[in-house]
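Below: the structure, in structure tokens.
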Amino acid sequence: MTVSRQAVHLTSHLDDTYLRQALRHDVRTGLTSTPKWLPPKWFYDAAGSDLFSRITRLPEYYPTRRELSILRRWATDIAARSGADTLVELGSGTSEKTVLLLDALAATGRLRTYTPVDVDAVTLDDAARRTSRRYPDLVVRAVCADFERHLALLPRRGRRMVAFLGGTVGNLAPSAREVFLKELRATLGPGDTFLLGADLVKDTRRLVAAYNDGAGVTAAFNRNVLHVINRELGADFEPEAFEHVALYNPRRDWIEMRLRASRPMRVWIDALGLPVSFAAGEETRTEISAKFRPEGLRRELVAAGFLPGRHYVDPTGDFLLILAHA
Ligand SMILES: C[S@@+](CC[C@H](N)C(=O)[O-])C[C@H]1O[C@@H](n2cnc3c(N)ncnc32)[C@H](O)[C@@H]1O
């Protein structure tokens with residue numbers, strides 16, 4: 001379905017039927033596995049996106065501030081090197097940081113189109129309208145889609161820079177990341193670029209604190225996936241009976257977020273006709289957030305067929321942006 005409003009075009013590859021089927025599939029697969037798991041994309045309904053925005057402003061959550069500092073310093077350089085007239089942004093959320101890239105691309109005089117892509121239709125729509133008001137001459141082609149499924153369906157017009165910010169790439173397990181990078185590369189042509197933001201390996205205490213804030217916002221974000229399953233699949237989870245757990249796995253270099261059952265529970269998921277039992281203390285993994293080393297990420301990009309170019313690290317060495325060429 002495509003709806004046009006002035007210069008905002010909205011396309012959705014995630015209609016209600018698709019979403020419910022995909023959620024059903026993921027919930028059945030994840031909650032009947034041992035150990036149990038759920039994919040992080042289901043955190044992000046409007047409430048989940050709002051909680052994520054609050055996370056980005058927490059004192060413990062350094063990645064957003066670090067990535068912003070890189071963009072403030074280097075967006076002009078990135079824009080010049082990309083030569084792009086079209087910015088495609090995967091997992092765009094509120095598109096807040098994107099303004100720095102759009103300003104820099106607009107200043108080159110070439111910018112024509114912005115294509116934000118996200119699973120959360122509400123936040124995507126808001127961000128697309130806000131961006132369109134800020135840049136009246138820009139064509140905003142928002143696409144509600146799953147970047148693990150729909151890359152091949154994204155618009156291919158123009159000389160594109162695909163931005164994937166926020167360290168979201170770390171939510172993909174290594175095998176899924178390999179597939180994602182190859183699929184993305186296959187959609188790009190000569191002259192196109194890929195701007196990838198990644199959180200770097202660092203002191204474990206700081207990493208864990210970033211996913212376990214004192215105000216409990218990340219805990220609420222983590223439990224939101226249970227609210228989504230209750231609402232969409234008629235389940236009777238008691239989200240407050242699950243404790244938020246964040247730990248660092250140094251062998252895999254990733255943060256794991258889990259939900260730990262505080263007592264034995266039996267949950268009924270009506271849309272699946274599925275009872276799910278949780279033992280006291282049983283943990284369900286809800287997210288991984290991989291941390292990277294610059295050389296490792298460059299190798300992954302090369303393996304996917306990219307030519308990694310300039311990379312940008314913030315002065316504290318916390319976060320990396322890398323501009324790769326197709
Ligand atoms: C960690 S947030 C980052 C948001 C923003 N890019 C930033 O840097 O602050 C991840 C974003 O990706 C979206 N997202 C997660 N999984 C997705 C998927 N499989 N396909 C499309 N969007 C996804 C979420 O809705 C959310 O807006």
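Ligands are numbered from 1 in the order shown, chains are lettered A, B, ... in the order of the structure tokens, and residues start at 1 in each chain.
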
From the DSSP assignment of the backbone, select every residue of stretch 214-320 of chain A that is strand (DSSP E or B), and format the answer as a PyMOL selection string. chain A and resi 235+242-249+254-261+265-269+274-278+283-290+292+307-313+319-320

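Those protein and nucleic acid residues that have any atom within 6 Å of ligand 1 are, using only C-alpha atoms and all ligand atoms, Lys41, Tyr44, Gly91, Ser92, Gly93, Asp118, Val119, Asp120, Ala145, Asp146, Phe147, Glu148, Leu165, Gly166 and Thr168 of chain A.
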
Between A:Arg81, A:Leu68, A:Arg134, A:Leu90, which residue has the minimum interatomic distance to A:Leu102, considering only C-alpha atoms? A:Arg134

Using only C-alpha atoms, which residue out of A:Arg130, A:Ala220, A:Cys144, A:Arg293 lies closest to A:Asp15? A:Cys144

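Residue nearest A:Arg285, chosen from A:Ser53, A:Thr123, A:Thr86, A:Asn171 and counting only C-alpha atoms: A:Asn171.
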
Just the residues within 9 Å of A:Gly83, please, counting only C-alpha atoms, with nothing from its chain fewer than 3 positions along; format it as a ChimeraX atom specification. /A:78-80,105,108,110,159-161,191-193

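Using only C-alpha atoms, the smallest distance between any of A:Ala152, A:Leu320, A:Val8, A:Ala290 and A:Pro174 comes from A:Ala290.
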
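The nearest approach to A:Ile70 among the residues A:Ala324, A:Ala279, A:Ala7, A:Val313, with only C-alpha atoms taken into account, belongs to A:Val313.
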
Mind checking which residues fall within 7 Å of stretch 275-278 of chain A, counting only C-alpha atoms, ignoring those fewer than 6 positions away in the same chain, and posting them as a PyMOL selection string? chain A and resi 261+264-269

Emit the selected residues as an mmCIF file, in the first residue's frame, including C-alpha atoms.
```
data_model
loop_
_atom_site.group_PDB
_atom_site.id
_atom_site.type_symbol
_atom_site.label_atom_id
_atom_site.label_comp_id
_atom_site.auth_asym_id
_atom_site.auth_seq_id
_atom_site.Cartn_x
_atom_site.Cartn_y
_atom_site.Cartn_z
ATOM 1 C CA ALA A 261 10.897 -15.501 35.467
ATOM 2 C CA PRO A 264 7.167 -20.655 38.117
ATOM 3 C CA MET A 265 4.565 -19.519 35.593
ATOM 4 C CA ARG A 266 2.298 -20.951 32.948
ATOM 5 C CA VAL A 267 1.393 -18.470 30.224
ATOM 6 C CA TRP A 268 -1.376 -18.996 27.672
ATOM 7 C CA ILE A 269 -0.880 -17.557 24.171
#
```

Would you kindly return, as a PDB file with C-alpha atoms, in the first residue's frame, each protein, DNA or RNA residue with an atom no farther than 8 Å from any atom of A:Tyr248, considering only C-alpha atoms and excluding same-chain residues fewer than 5 positions away?
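File selection_14.pdb, as written:
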```pdb
ATOM      1  CA  THR A 204      32.535  -4.369  30.813  1.00  0.00           C
ATOM      2  CA  LEU A 207      28.781  -1.755  28.749  1.00  0.00           C
ATOM      3  CA  VAL A 208      26.529  -3.450  31.282  1.00  0.00           C
ATOM      4  CA  ASP A 253      31.723  -9.833  22.652  1.00  0.00           C
ATOM      5  CA  TRP A 254      28.060  -9.095  23.095  1.00  0.00           C
ATOM      6  CA  ILE A 255      25.568  -7.827  25.653  1.00  0.00           C
ATOM      7  CA  GLU A 256      22.637 -10.141  26.246  1.00  0.00           C
TER       8      GLU A 256
END
```

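Residues lying within 9 Å of A:Ser95, counting only C-alpha atoms and ignoring same-chain neighbours fewer than 5 positions away, are Glu89, Pro116, Leu124, Ala127, Ala128 and Thr131 of chain A.
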
Sel. of helix (DSSP H, G or I) residues, stretch 153-294 of chain A, as a PyMOL selection string: chain A and resi 153+168-171+174-187+204-210+217-233+239-241+270-272+294

Restricting it to N, CA and C atoms, dump the selection as a compact mmCIF listing (two decimals), in the first residue's frame.
```txt
# COMPACT_ATOMS: atom_id res chain seq x y z
N LEU A 153 13.25 -4.95 -1.74
CA LEU A 153 12.06 -4.18 -2.17
C LEU A 153 12.23 -2.67 -1.98
N THR A 168 22.60 -0.67 15.71
CA THR A 168 21.55 -1.70 15.53
C THR A 168 22.10 -2.95 14.85
N VAL A 169 23.15 -2.81 14.05
CA VAL A 169 23.76 -3.98 13.39
C VAL A 169 24.16 -5.02 14.44
N GLY A 170 24.48 -4.56 15.66
CA GLY A 170 24.88 -5.49 16.73
C GLY A 170 23.74 -6.35 17.24
N ASN A 171 22.50 -6.01 16.88
CA ASN A 171 21.37 -6.85 17.29
C ASN A 171 21.25 -8.10 16.43
N PRO A 174 25.95 -13.16 14.45
CA PRO A 174 26.93 -13.16 13.36
C PRO A 174 26.43 -13.79 12.05
N SER A 175 25.70 -14.91 12.13
CA SER A 175 25.24 -15.54 10.88
C SER A 175 24.20 -14.65 10.19
N ALA A 176 23.29 -14.07 10.98
CA ALA A 176 22.27 -13.18 10.41
C ALA A 176 22.92 -11.91 9.85
N ARG A 177 23.99 -11.48 10.51
CA ARG A 177 24.69 -10.26 10.07
C ARG A 177 25.36 -10.50 8.72
N GLU A 178 25.91 -11.69 8.59
CA GLU A 178 26.57 -12.03 7.31
C GLU A 178 25.54 -12.01 6.17
N VAL A 179 24.40 -12.62 6.42
CA VAL A 179 23.34 -12.64 5.40
C VAL A 179 22.88 -11.22 5.10
N PHE A 180 22.63 -10.44 6.17
CA PHE A 180 22.15 -9.06 6.01
C PHE A 180 23.13 -8.24 5.16
N LEU A 181 24.42 -8.31 5.50
CA LEU A 181 25.41 -7.48 4.78
C LEU A 181 25.49 -7.90 3.31
N LYS A 182 25.42 -9.19 3.05
CA LYS A 182 25.48 -9.66 1.65
C LYS A 182 24.23 -9.22 0.89
N GLU A 183 23.08 -9.35 1.55
CA GLU A 183 21.83 -8.95 0.87
C GLU A 183 21.82 -7.45 0.59
N LEU A 184 22.32 -6.68 1.56
CA LEU A 184 22.36 -5.23 1.36
C LEU A 184 23.31 -4.90 0.20
N ARG A 185 24.47 -5.53 0.22
CA ARG A 185 25.46 -5.27 -0.85
C ARG A 185 24.85 -5.56 -2.22
N ALA A 186 24.06 -6.63 -2.31
CA ALA A 186 23.47 -7.03 -3.60
C ALA A 186 22.49 -5.98 -4.11
N THR A 187 21.96 -5.13 -3.22
CA THR A 187 21.00 -4.12 -3.68
C THR A 187 21.68 -2.82 -4.12
N THR A 204 33.79 -3.62 30.63
CA THR A 204 32.54 -4.37 30.81
C THR A 204 31.53 -3.62 31.69
N ARG A 205 32.03 -2.95 32.74
CA ARG A 205 31.08 -2.27 33.65
C ARG A 205 30.29 -1.19 32.91
N ARG A 206 30.98 -0.44 32.04
CA ARG A 206 30.28 0.61 31.29
C ARG A 206 29.29 0.01 30.32
N LEU A 207 29.69 -1.10 29.70
CA LEU A 207 28.78 -1.76 28.75
C LEU A 207 27.51 -2.23 29.46
N VAL A 208 27.69 -2.90 30.58
CA VAL A 208 26.53 -3.45 31.28
C VAL A 208 25.64 -2.31 31.79
N ALA A 209 26.26 -1.25 32.33
CA ALA A 209 25.47 -0.12 32.85
C ALA A 209 24.60 0.49 31.74
N ALA A 210 25.12 0.51 30.52
CA ALA A 210 24.37 1.11 29.42
C ALA A 210 23.07 0.34 29.14
N VAL A 217 14.53 2.26 32.85
CA VAL A 217 13.90 2.48 31.53
C VAL A 217 14.20 1.28 30.61
N THR A 218 15.43 0.77 30.66
CA THR A 218 15.76 -0.37 29.81
C THR A 218 14.98 -1.61 30.25
N ALA A 219 14.74 -1.73 31.55
CA ALA A 219 13.94 -2.86 32.05
C ALA A 219 12.52 -2.77 31.46
N ALA A 220 11.95 -1.57 31.44
CA ALA A 220 10.60 -1.40 30.89
C ALA A 220 10.59 -1.70 29.39
N PHE A 221 11.67 -1.26 28.70
CA PHE A 221 11.80 -1.53 27.27
C PHE A 221 11.85 -3.05 27.04
N ASN A 222 12.63 -3.75 27.85
CA ASN A 222 12.77 -5.19 27.71
C ASN A 222 11.42 -5.88 27.92
N ARG A 223 10.69 -5.48 28.96
CA ARG A 223 9.39 -6.11 29.25
C ARG A 223 8.34 -5.76 28.19
N ASN A 224 8.61 -4.69 27.41
CA ASN A 224 7.59 -4.27 26.43
C ASN A 224 7.26 -5.37 25.43
N VAL A 225 8.24 -6.25 25.16
CA VAL A 225 7.96 -7.32 24.20
C VAL A 225 6.83 -8.21 24.73
N LEU A 226 6.71 -8.35 26.05
CA LEU A 226 5.64 -9.18 26.62
C LEU A 226 4.29 -8.45 26.47
N HIS A 227 4.31 -7.12 26.62
CA HIS A 227 3.07 -6.36 26.39
C HIS A 227 2.62 -6.51 24.94
N VAL A 228 3.60 -6.47 24.01
CA VAL A 228 3.26 -6.61 22.58
C VAL A 228 2.62 -7.98 22.34
N ILE A 229 3.19 -9.03 22.92
CA ILE A 229 2.65 -10.39 22.71
C ILE A 229 1.27 -10.52 23.36
N ASN A 230 1.10 -9.90 24.53
CA ASN A 230 -0.24 -9.93 25.17
C ASN A 230 -1.28 -9.29 24.26
N ARG A 231 -0.94 -8.12 23.73
CA ARG A 231 -1.91 -7.36 22.92
C ARG A 231 -2.17 -8.04 21.58
N GLU A 232 -1.09 -8.42 20.89
CA GLU A 232 -1.24 -8.90 19.50
C GLU A 232 -1.66 -10.37 19.43
N LEU A 233 -1.27 -11.16 20.43
CA LEU A 233 -1.54 -12.60 20.34
C LEU A 233 -2.44 -13.09 21.49
N PRO A 239 4.04 -9.05 32.79
CA PRO A 239 5.39 -8.54 32.52
C PRO A 239 6.18 -8.24 33.79
N GLU A 240 5.50 -7.75 34.84
CA GLU A 240 6.22 -7.38 36.06
C GLU A 240 6.77 -8.60 36.79
N ALA A 241 6.31 -9.78 36.42
CA ALA A 241 6.83 -10.99 37.08
C ALA A 241 8.13 -11.46 36.41
N ASP A 270 -3.10 -17.18 23.36
CA ASP A 270 -4.37 -17.60 22.76
C ASP A 270 -4.28 -17.80 21.25
N ALA A 271 -3.66 -16.82 20.54
CA ALA A 271 -3.63 -16.89 19.08
C ALA A 271 -2.85 -18.11 18.59
N LEU A 272 -2.01 -18.65 19.42
CA LEU A 272 -1.22 -19.83 19.03
C LEU A 272 -1.80 -21.11 19.64
N PRO A 294 37.34 -2.37 15.22
CA PRO A 294 37.30 -1.82 13.86
C PRO A 294 37.78 -2.80 12.80
```

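Among the candidates A:Lys202, A:Asp236, A:Asp213, A:Leu196, the residue lying nearest to A:Glu300 is A:Leu196 (atoms considered: only C-alpha atoms).
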
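Atom pair atom CA of A:Leu172 / atom CA of A:Phe242 has a distance of 23.7 Å (rounded to one decimal).
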
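One finds atom CA of A:Leu195 at 5.7 Å from atom CA of A:Ile322.
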